[in-house]
$ cat data29.cif   # mmCIF, C-alpha atoms
data_my_file
#
loop_
_atom_site.label_atom_id
_atom_site.label_comp_id
_atom_site.auth_asym_id
_atom_site.auth_seq_id
_atom_site.Cartn_x
_atom_site.Cartn_y
_atom_site.Cartn_z
CA MET A 1 79.97 94.84 95.71
CA GLU A 2 77.33 97.44 96.56
CA THR A 3 78.32 100.57 98.45
CA SER A 4 77.60 100.14 102.14
CA GLN A 5 77.46 102.84 104.75
CA ARG A 6 78.66 100.16 107.16
CA THR A 7 81.79 99.19 105.21
CA VAL A 8 84.87 100.97 106.54
CA LEU A 9 88.34 100.79 105.01
CA VAL A 10 90.87 100.52 107.85
CA THR A 11 94.41 101.26 106.69
CA GLY A 12 96.95 99.71 109.05
CA GLY A 13 94.16 97.60 110.52
CA ALA A 14 96.51 94.70 111.23
CA GLY A 15 98.51 96.83 113.64
CA TYR A 16 98.16 97.41 117.37
CA ILE A 17 95.59 100.23 117.55
CA GLY A 18 94.05 99.43 114.18
CA SER A 19 93.21 95.83 115.10
CA HIS A 20 91.62 96.83 118.41
CA THR A 21 89.57 99.38 116.50
CA CYS A 22 88.44 96.74 113.99
CA LYS A 23 87.05 94.73 116.90
CA ALA A 24 85.20 97.81 118.16
CA LEU A 25 83.87 98.56 114.66
CA ALA A 26 82.55 95.02 114.27
CA SER A 27 80.86 95.23 117.67
CA ALA A 28 79.19 98.45 116.50
CA GLY A 29 77.84 96.81 113.33
CA TYR A 30 80.45 97.90 110.80
CA LEU A 31 82.44 95.73 108.39
CA PRO A 32 86.13 96.65 108.72
CA VAL A 33 88.09 96.01 105.53
CA VAL A 34 91.75 95.95 106.52
CA TYR A 35 94.34 97.39 104.12
CA ASP A 36 97.84 96.63 105.39
CA ASN A 37 101.26 95.76 103.97
CA LEU A 38 102.01 93.67 107.10
CA LEU A 39 105.34 95.46 107.56
CA HIS A 40 104.47 96.03 111.21
CA GLY A 41 100.99 94.51 111.32
CA HIS A 42 100.06 90.85 111.79
CA GLU A 43 97.77 88.64 109.75
CA TRP A 44 96.60 86.89 112.94
CA ALA A 45 95.24 90.22 114.20
CA VAL A 46 92.73 90.50 111.33
CA LYS A 47 89.65 88.71 112.67
CA TRP A 48 86.60 90.87 111.96
CA GLY A 49 86.69 91.44 108.21
CA PRO A 50 88.69 90.82 105.04
CA LEU A 51 92.40 91.56 104.71
CA GLU A 52 93.65 93.28 101.56
CA ARG A 53 97.44 93.43 101.39
CA GLY A 54 98.83 96.63 99.95
CA ASP A 55 101.10 99.60 100.52
CA ILE A 56 99.54 102.92 101.45
CA ARG A 57 101.69 104.63 98.80
CA ASP A 58 100.36 102.39 96.01
CA GLY A 59 97.60 104.35 94.29
CA SER A 60 96.68 101.59 91.85
CA ARG A 61 96.30 99.00 94.64
CA LEU A 62 94.20 101.45 96.65
CA ALA A 63 92.00 101.97 93.59
CA GLU A 64 91.44 98.21 93.31
CA VAL A 65 90.33 97.98 96.93
CA PHE A 66 88.06 101.03 96.71
CA THR A 67 86.49 99.61 93.55
CA THR A 68 85.89 96.21 95.17
CA TYR A 69 84.44 97.32 98.51
CA LYS A 70 83.19 100.87 97.77
CA PRO A 71 83.69 102.13 101.35
CA VAL A 72 82.21 105.53 102.14
CA SER A 73 84.38 105.93 105.25
CA VAL A 74 88.05 105.37 106.05
CA LEU A 75 89.94 104.97 109.32
CA HIS A 76 93.58 105.75 108.62
CA PHE A 77 96.21 104.16 110.89
CA ALA A 78 98.85 103.16 108.32
CA GLY A 79 102.24 104.80 108.77
CA LEU A 80 105.48 104.77 110.73
CA ALA A 81 105.50 105.75 114.39
CA TYR A 82 108.97 105.59 115.97
CA VAL A 83 110.14 108.99 117.17
CA GLY A 84 113.83 108.10 117.41
CA GLN A 85 113.83 106.40 114.02
CA SER A 86 112.21 109.47 112.47
CA VAL A 87 115.07 111.65 113.71
CA LEU A 88 117.62 109.31 112.10
CA ASP A 89 115.72 108.73 108.84
CA PRO A 90 113.26 111.60 108.27
CA GLY A 91 112.88 110.96 104.54
CA ARG A 92 111.35 107.55 105.18
CA TYR A 93 108.79 109.12 107.52
CA TYR A 94 107.76 111.80 105.06
CA GLU A 95 107.51 109.17 102.32
CA PHE A 96 105.30 106.74 104.25
CA ASN A 97 103.29 109.12 106.41
CA VAL A 98 102.88 112.13 104.13
CA ALA A 99 103.12 110.72 100.60
CA GLY A 100 101.16 107.63 101.64
CA SER A 101 98.38 109.69 103.20
CA LEU A 102 98.24 111.91 100.13
CA ALA A 103 97.81 108.81 97.93
CA LEU A 104 94.97 107.70 100.20
CA ALA A 105 93.28 111.11 100.08
CA GLN A 106 93.50 111.14 96.29
CA ALA A 107 91.98 107.65 96.13
CA MET A 108 89.14 108.76 98.40
CA ARG A 109 88.47 111.73 96.14
CA GLU A 110 88.45 109.59 93.02
CA HIS A 111 86.16 106.92 94.50
CA GLY A 112 83.67 109.07 96.40
CA ALA A 113 84.68 108.21 99.96
CA LYS A 114 83.65 111.24 101.99
CA ARG A 115 84.70 110.56 105.58
CA ILE A 116 88.05 109.84 107.23
CA VAL A 117 89.18 109.49 110.84
CA PHE A 118 92.94 110.01 111.00
CA SER A 119 95.30 108.50 113.55
CA SER A 120 97.31 111.55 114.61
CA THR A 121 99.42 112.15 117.71
CA CYS A 122 100.23 114.47 120.57
CA ALA A 123 103.71 114.65 119.00
CA THR A 124 102.31 117.39 116.75
CA TYR A 125 102.40 119.69 119.79
CA GLY A 126 106.13 119.31 120.43
CA SER A 127 107.17 120.69 123.83
CA PRO A 128 104.17 122.79 124.90
CA GLU A 129 104.61 125.87 127.05
CA LYS A 130 101.72 124.98 129.34
CA LEU A 131 99.89 121.85 130.47
CA PRO A 132 97.53 120.12 130.08
CA ILE A 133 97.52 120.22 126.28
CA GLY A 134 94.28 121.32 124.61
CA GLU A 135 93.50 121.20 120.91
CA GLU A 136 94.21 124.90 120.58
CA THR A 137 97.78 124.47 121.86
CA PRO A 138 100.18 125.58 119.10
CA GLN A 139 101.41 122.62 117.06
CA ARG A 140 105.20 122.86 116.96
CA PRO A 141 106.56 119.32 116.53
CA ILE A 142 110.18 118.70 117.54
CA ASN A 143 110.72 115.51 115.56
CA PRO A 144 109.98 114.37 111.99
CA TYR A 145 107.36 111.89 113.18
CA GLY A 146 105.26 114.66 114.71
CA ALA A 147 105.93 116.93 111.72
CA SER A 148 104.77 114.25 109.29
CA LYS A 149 101.51 113.74 111.18
CA LEU A 150 100.90 117.48 111.31
CA MET A 151 101.38 117.68 107.54
CA VAL A 152 98.74 114.98 107.06
CA GLU A 153 96.33 116.96 109.22
CA ARG A 154 96.94 119.91 106.90
CA ILE A 155 96.40 117.79 103.78
CA LEU A 156 93.09 116.49 105.10
CA ALA A 157 91.95 120.00 106.06
CA ASP A 158 92.72 121.19 102.54
CA PHE A 159 90.87 118.23 101.00
CA ARG A 160 87.90 119.02 103.23
CA ARG A 161 87.74 122.56 101.92
CA ALA A 162 88.46 121.69 98.27
CA HIS A 163 86.71 118.35 97.84
CA GLY A 164 84.20 117.98 100.66
CA ILE A 165 85.98 115.05 102.32
CA CYS A 166 85.07 115.33 106.00
CA SER A 167 87.92 114.50 108.34
CA THR A 168 88.68 114.26 112.03
CA ALA A 169 92.17 113.86 113.49
CA LEU A 170 92.47 111.99 116.77
CA ARG A 171 95.61 113.09 118.58
CA TYR A 172 96.57 110.19 120.82
CA PHE A 173 98.68 110.39 123.85
CA ASN A 174 100.40 107.09 124.87
CA ALA A 175 98.47 104.02 123.73
CA ALA A 176 98.94 101.11 126.11
CA GLY A 177 97.39 97.90 127.37
CA ALA A 178 95.72 94.98 125.62
CA ASP A 179 92.25 93.72 124.76
CA ILE A 180 90.47 92.74 127.97
CA GLY A 181 89.08 89.66 126.19
CA GLY A 182 92.62 88.46 125.45
CA GLU A 183 92.23 88.41 121.65
CA LEU A 184 94.71 91.20 120.87
CA GLY A 185 97.70 93.01 122.30
CA GLU A 186 101.01 94.68 121.53
CA ASP A 187 103.47 92.78 119.38
CA HIS A 188 105.91 95.26 117.83
CA ASP A 189 109.30 94.60 116.29
CA PRO A 190 111.20 96.58 117.38
CA GLU A 191 109.30 97.23 120.58
CA THR A 192 109.72 100.80 121.83
CA HIS A 193 106.64 101.27 124.02
CA LEU A 194 107.42 101.53 127.70
CA ILE A 195 104.94 99.13 129.29
CA PRO A 196 105.77 96.02 127.19
CA LEU A 197 109.46 96.77 127.67
CA VAL A 198 108.96 96.96 131.44
CA LEU A 199 106.97 93.72 131.42
CA GLY A 200 109.66 92.04 129.33
CA ALA A 201 112.33 93.13 131.79
CA ALA A 202 110.21 91.89 134.68
CA SER A 203 109.71 88.43 133.14
CA GLY A 204 113.29 88.11 131.93
CA ARG A 205 112.24 87.85 128.27
CA ARG A 206 113.96 91.16 127.56
CA PRO A 207 117.11 92.77 128.93
CA PRO A 208 116.94 95.23 131.81
CA LEU A 209 114.91 98.31 130.97
CA ALA A 210 116.81 101.31 129.59
CA VAL A 211 115.43 104.49 131.15
CA PHE A 212 116.22 107.26 128.68
CA GLY A 213 116.81 110.37 130.74
CA THR A 214 116.74 110.76 134.52
CA ASP A 215 117.51 114.49 134.57
CA TYR A 216 114.29 115.97 133.17
CA ASP A 217 112.54 118.79 135.02
CA THR A 218 110.01 116.41 136.59
CA PRO A 219 109.56 115.27 140.20
CA ASP A 220 111.69 112.12 139.78
CA GLY A 221 113.72 113.21 136.73
CA THR A 222 112.05 110.81 134.27
CA CYS A 223 109.63 111.64 131.44
CA ILE A 224 105.93 111.95 132.23
CA ARG A 225 103.31 110.63 129.80
CA ASP A 226 99.53 110.29 129.64
CA TYR A 227 98.70 106.58 129.14
CA ILE A 228 95.41 105.65 127.46
CA HIS A 229 94.11 102.09 127.11
CA VAL A 230 94.07 100.94 123.50
CA SER A 231 90.43 99.80 123.76
CA ASP A 232 89.44 103.27 124.97
CA LEU A 233 91.18 104.65 121.87
CA ALA A 234 89.28 102.16 119.72
CA ALA A 235 85.98 103.28 121.20
CA ALA A 236 86.83 106.90 120.39
CA HIS A 237 87.30 106.00 116.72
CA VAL A 238 83.82 104.53 116.51
CA LEU A 239 82.35 107.64 118.16
CA ALA A 240 84.33 109.93 115.83
CA LEU A 241 83.10 107.99 112.79
CA ARG A 242 79.51 108.26 113.97
CA ALA A 243 79.95 111.99 114.52
CA LEU A 244 81.25 112.36 110.95
CA GLU A 245 78.25 110.39 109.68
CA HIS A 246 75.95 112.85 111.45
CA GLY A 247 77.96 115.89 110.38
CA THR A 248 78.82 116.90 113.95
CA ALA A 249 82.53 116.06 114.28
CA LEU A 250 85.12 118.78 114.75
CA ASP A 251 88.51 118.79 113.04
CA ALA A 252 90.58 117.36 115.92
CA TYR A 253 90.28 115.75 119.33
CA ASN A 254 92.86 114.90 121.97
CA LEU A 255 92.59 111.41 123.42
CA GLY A 256 94.11 110.95 126.85
CA THR A 257 93.21 110.78 130.52
CA GLY A 258 94.64 114.07 131.73
CA GLN A 259 96.74 112.13 134.26
CA GLY A 260 100.48 111.84 133.71
CA TYR A 261 102.77 109.13 135.05
CA SER A 262 106.55 109.16 135.04
CA VAL A 263 108.67 106.29 133.79
CA ARG A 264 109.60 105.57 137.38
CA GLU A 265 105.93 105.48 138.40
CA VAL A 266 105.19 103.00 135.60
CA ILE A 267 108.05 100.80 136.81
CA ASP A 268 106.72 100.91 140.36
CA ALA A 269 103.15 100.14 139.22
CA THR A 270 104.38 97.19 137.15
CA ALA A 271 106.23 95.79 140.14
CA ARG A 272 103.04 96.17 142.17
CA VAL A 273 100.83 94.42 139.58
CA THR A 274 103.23 91.58 138.73
CA GLY A 275 104.92 91.09 142.09
CA LEU A 276 108.28 91.08 140.28
CA ASP A 277 111.35 93.26 140.49
CA ILE A 278 112.06 95.41 137.44
CA PRO A 279 115.76 95.60 136.53
CA PHE A 280 116.61 98.89 134.84
CA SER A 281 119.52 101.19 134.08
CA ALA A 282 119.74 104.93 133.51
CA CYS A 283 120.70 106.00 129.97
CA PRO A 284 121.12 109.36 128.22
CA ARG A 285 118.07 111.15 126.88
CA ARG A 286 116.78 110.26 123.42
CA PRO A 287 116.54 113.06 120.87
CA GLY A 288 113.03 114.38 120.31
CA ASP A 289 111.53 113.43 123.69
CA PRO A 290 109.63 116.21 125.55
CA ALA A 291 109.74 116.06 129.35
CA VAL A 292 105.96 116.06 129.92
CA LEU A 293 102.95 115.33 127.70
CA VAL A 294 99.54 115.36 129.40
CA SER A 295 96.22 115.86 127.63
CA ASP A 296 93.12 117.93 128.04
CA ALA A 297 90.43 115.75 126.44
CA THR A 298 87.48 117.98 127.36
CA ARG A 299 86.49 118.44 123.72
CA ALA A 300 86.21 114.65 123.19
CA HIS A 301 84.11 114.35 126.35
CA GLN A 302 81.75 117.14 125.31
CA GLU A 303 81.52 116.62 121.55
CA LEU A 304 81.93 112.85 121.15
CA GLY A 305 80.60 111.67 124.48
CA TRP A 306 83.85 109.78 124.96
CA TRP A 307 85.14 108.85 128.42
CA PRO A 308 87.97 106.35 128.99
CA SER A 309 86.84 103.45 131.17
CA LEU A 310 89.91 101.17 131.15
CA SER A 311 92.75 103.67 131.49
CA GLU A 312 93.60 103.55 135.17
CA LEU A 313 97.31 102.68 135.21
CA ASP A 314 97.02 99.39 137.10
CA THR A 315 94.21 98.26 134.76
CA ILE A 316 96.37 99.03 131.72
CA ILE A 317 99.33 97.13 133.13
CA ARG A 318 97.19 94.21 134.26
CA SER A 319 95.72 93.77 130.75
CA ALA A 320 99.16 94.04 129.14
CA TRP A 321 100.60 91.57 131.65
CA ALA A 322 97.85 89.02 130.88
CA TRP A 323 98.69 89.34 127.16
CA HIS A 324 102.43 89.14 127.84
CA GLN A 325 102.01 85.92 129.81
CA ARG A 326 100.30 84.23 126.85
CA GLY A 327 103.66 83.98 125.10
CA SER A 328 104.91 84.72 121.60
CA SER A 329 102.81 85.26 118.46
CA PRO A 330 100.93 84.11 116.52
CA ARG A 331 98.28 84.87 119.08
CA GLY A 332 94.65 83.90 119.21
#
$ encode --input "data29.cif" --output "structure tokens"
Amino acid sequence: METSQRTVLVTGGAGYIGSHTCKALASAGYLPVVYDNLLHGHEWAVKWGPLERGDIRDGSRLAEVFTTYKPVSVLHFAGLAYVGQSVLDPGRYYEFNVAGSLALAQAMREHGAKRIVFSSTCATYGSPEKLPIGEETPQRPINPYGASKLMVERILADFRRAHGICSTALRYFNAAGADIGGELGEDHDPETHLIPLVLGAASGRRPPLAVFGTDYDTPDGTCIRDYIHVSDLAAAHVLALRALEHGTALDAYNLGTGQGYSVREVIDATARVTGLDIPFSACPRRPGDPAVLVSDATRAHQELGWWPSLSELDTIIRSAWAWHQRGSSPRG
């Protein structure tokens, strides 16, 4: 297969954010080649290009895929992303997220792939001293998940300096919602994201919602997060890739709305959108959860021309509710 500037290797492309991004890539004229071990991803979510099964830590399998498709660019979503689980089993997180990303970077070096957009996280900031959080905020993660993502950012920066592999890290805040066209949505096992858990409690498909912590230093005592629609995140990846292609991307961008909502506010909004009561119970705090995380995405606005268009809270919940009502997977 000839090298194509339009062929993009998407690690973790069968997952939630990765699959939405594959749809956005295809709409923008790219061919997304999905590389996924299907541990948390879904074969039914791969609709816009070929699926190559493989583990991100497997250098020989990566080499086969690079040799076959010869991608010049990579979008890297593969990894583990449960904060609480990372606290209980940090070694697994460093193995998948750090060692896996290092194997990918080495494969890129060996096969001449010169651009990578990395799925990072606001968890690299830890508990910031001031809000909103800009890219220059000190990165002091308070859990192994955030620490593992920060280490990957460092690896990619070092590979940029040593080997000329251009990289951009996109530090997400809270991904939420579902494809407006109804083709994709959240389907995690276990599910830890707030909005699908609230919707499940509302519909009776899940037990009453556990609210972890009602004694934070916030107006209603529950954690505040910045929710960003998954399709807005996907659009940012396409813009970041184009910026790398033109040599104009910076090393990192925050992706969020700058508007925080508490757990209680999300519950109230879900009740408003669905017309259903949300049963919930107060539980102790989880380890590794900061009280407030709200973004400053000015750099993404100015440098990438990125503005979220679907991330008003009711719009997010409405799209997720439409997906939830479609029933269990396989979807499509």
$ residues_near_point --input "data29.cif" --point "(111.6, 94.2, 128.7)" --cutoff "12 Å" --atoms "all atoms listed in the file" --output "NGL selection string"
:A and (190-211 or 267 or 270 or 277-281 or 321 or 324)
$ residues_around --input "data29.cif" --residues "stretch 37-54 of chain A" --least-positions-apart "5" --cutoff "6 Å" --atoms "all atoms listed in the file" --output "PyMOL selection string"
chain A and resi 14-15+32
$ atom_distance --input "data29.cif" --atom1 "atom CA of A:Leu102" --atom2 "atom CA of A:Arg57"
8.2 Å
$ residues_around --input "data29.cif" --residues "stretch 114-123 of chain A" --least-positions-apart "6" --cutoff "8 Å" --atoms "only C-alpha atoms" --output "ChimeraX atom specification"
/A:72-77,108,141-143,145-147,149-150,153,164-173,237,240-241,244-245,254,293
$ atom_distance --input "data29.cif" --atom1 "atom CA of A:Asp220" --atom2 "atom CA of A:Lys130"
19.3 Å
$ atom_distance --input "data29.cif" --atom1 "atom CA of A:Val273" --atom2 "atom CA of A:Gly256"
21.9 Å
$ residues_near_point --input "data29.cif" --point "(90.8, 87.3, 119.8)" --cutoff "12 Å" --atoms "only C-alpha atoms" --output "count of residues only"
21
$ closest_residue --input "data29.cif" --among "A:Leu88, A:Ile316, A:Val294, A:Leu31" --to "A:Gly134" --atoms "all atoms listed in the file"
A:Val294
$ residues_around --input "data29.cif" --residues "A:Thr67" --least-positions-apart "2" --cutoff "12 Å" --atoms "all atoms listed in the file" --output "list of chain:residue names"
A:Met1, A:Glu2, A:Thr3, A:Leu9, A:Ser60, A:Arg61, A:Leu62, A:Ala63, A:Glu64, A:Val65, A:Tyr69, A:Lys70, A:Pro71, A:Val72, A:Ala107, A:Met108, A:Glu110, A:His111, A:Gly112, A:Ala113
$ closest_residue --input "data29.cif" --among "A:Asp187, A:Glu312, A:Glu135, A:Asp58" --to "A:Ala105" --atoms "only C-alpha atoms"
A:Asp58
$ closest_residue --input "data29.cif" --among "A:Ala320, A:Ala243, A:Ile224, A:Val10" --to "A:Pro132" --atoms "only C-alpha atoms"
A:Ile224
$ closest_residue --input "data29.cif" --among "A:Ala103, A:Leu156, A:Val87, A:Ala81" --to "A:Ile56" --atoms "only C-alpha atoms"
A:Ala103
$ closest_residue --input "data29.cif" --among "A:Thr257, A:Ser311, A:Ser101, A:Ser319" --to "A:Gly59" --atoms "all atoms listed in the file"
A:Ser101
$ residues_around --input "data29.cif" --residues "A:Glu303" --least-positions-apart "6" --cutoff "9 Å" --atoms "all atoms listed in the file" --output "list in words"
Ala243, Thr248, Ala249 and Leu250 of chain A
$ closest_residue --input "data29.cif" --among "A:Leu25, A:Ala252, A:Leu233, A:Val292" --to "A:Tyr216" --atoms "all atoms listed in the file"
A:Val292
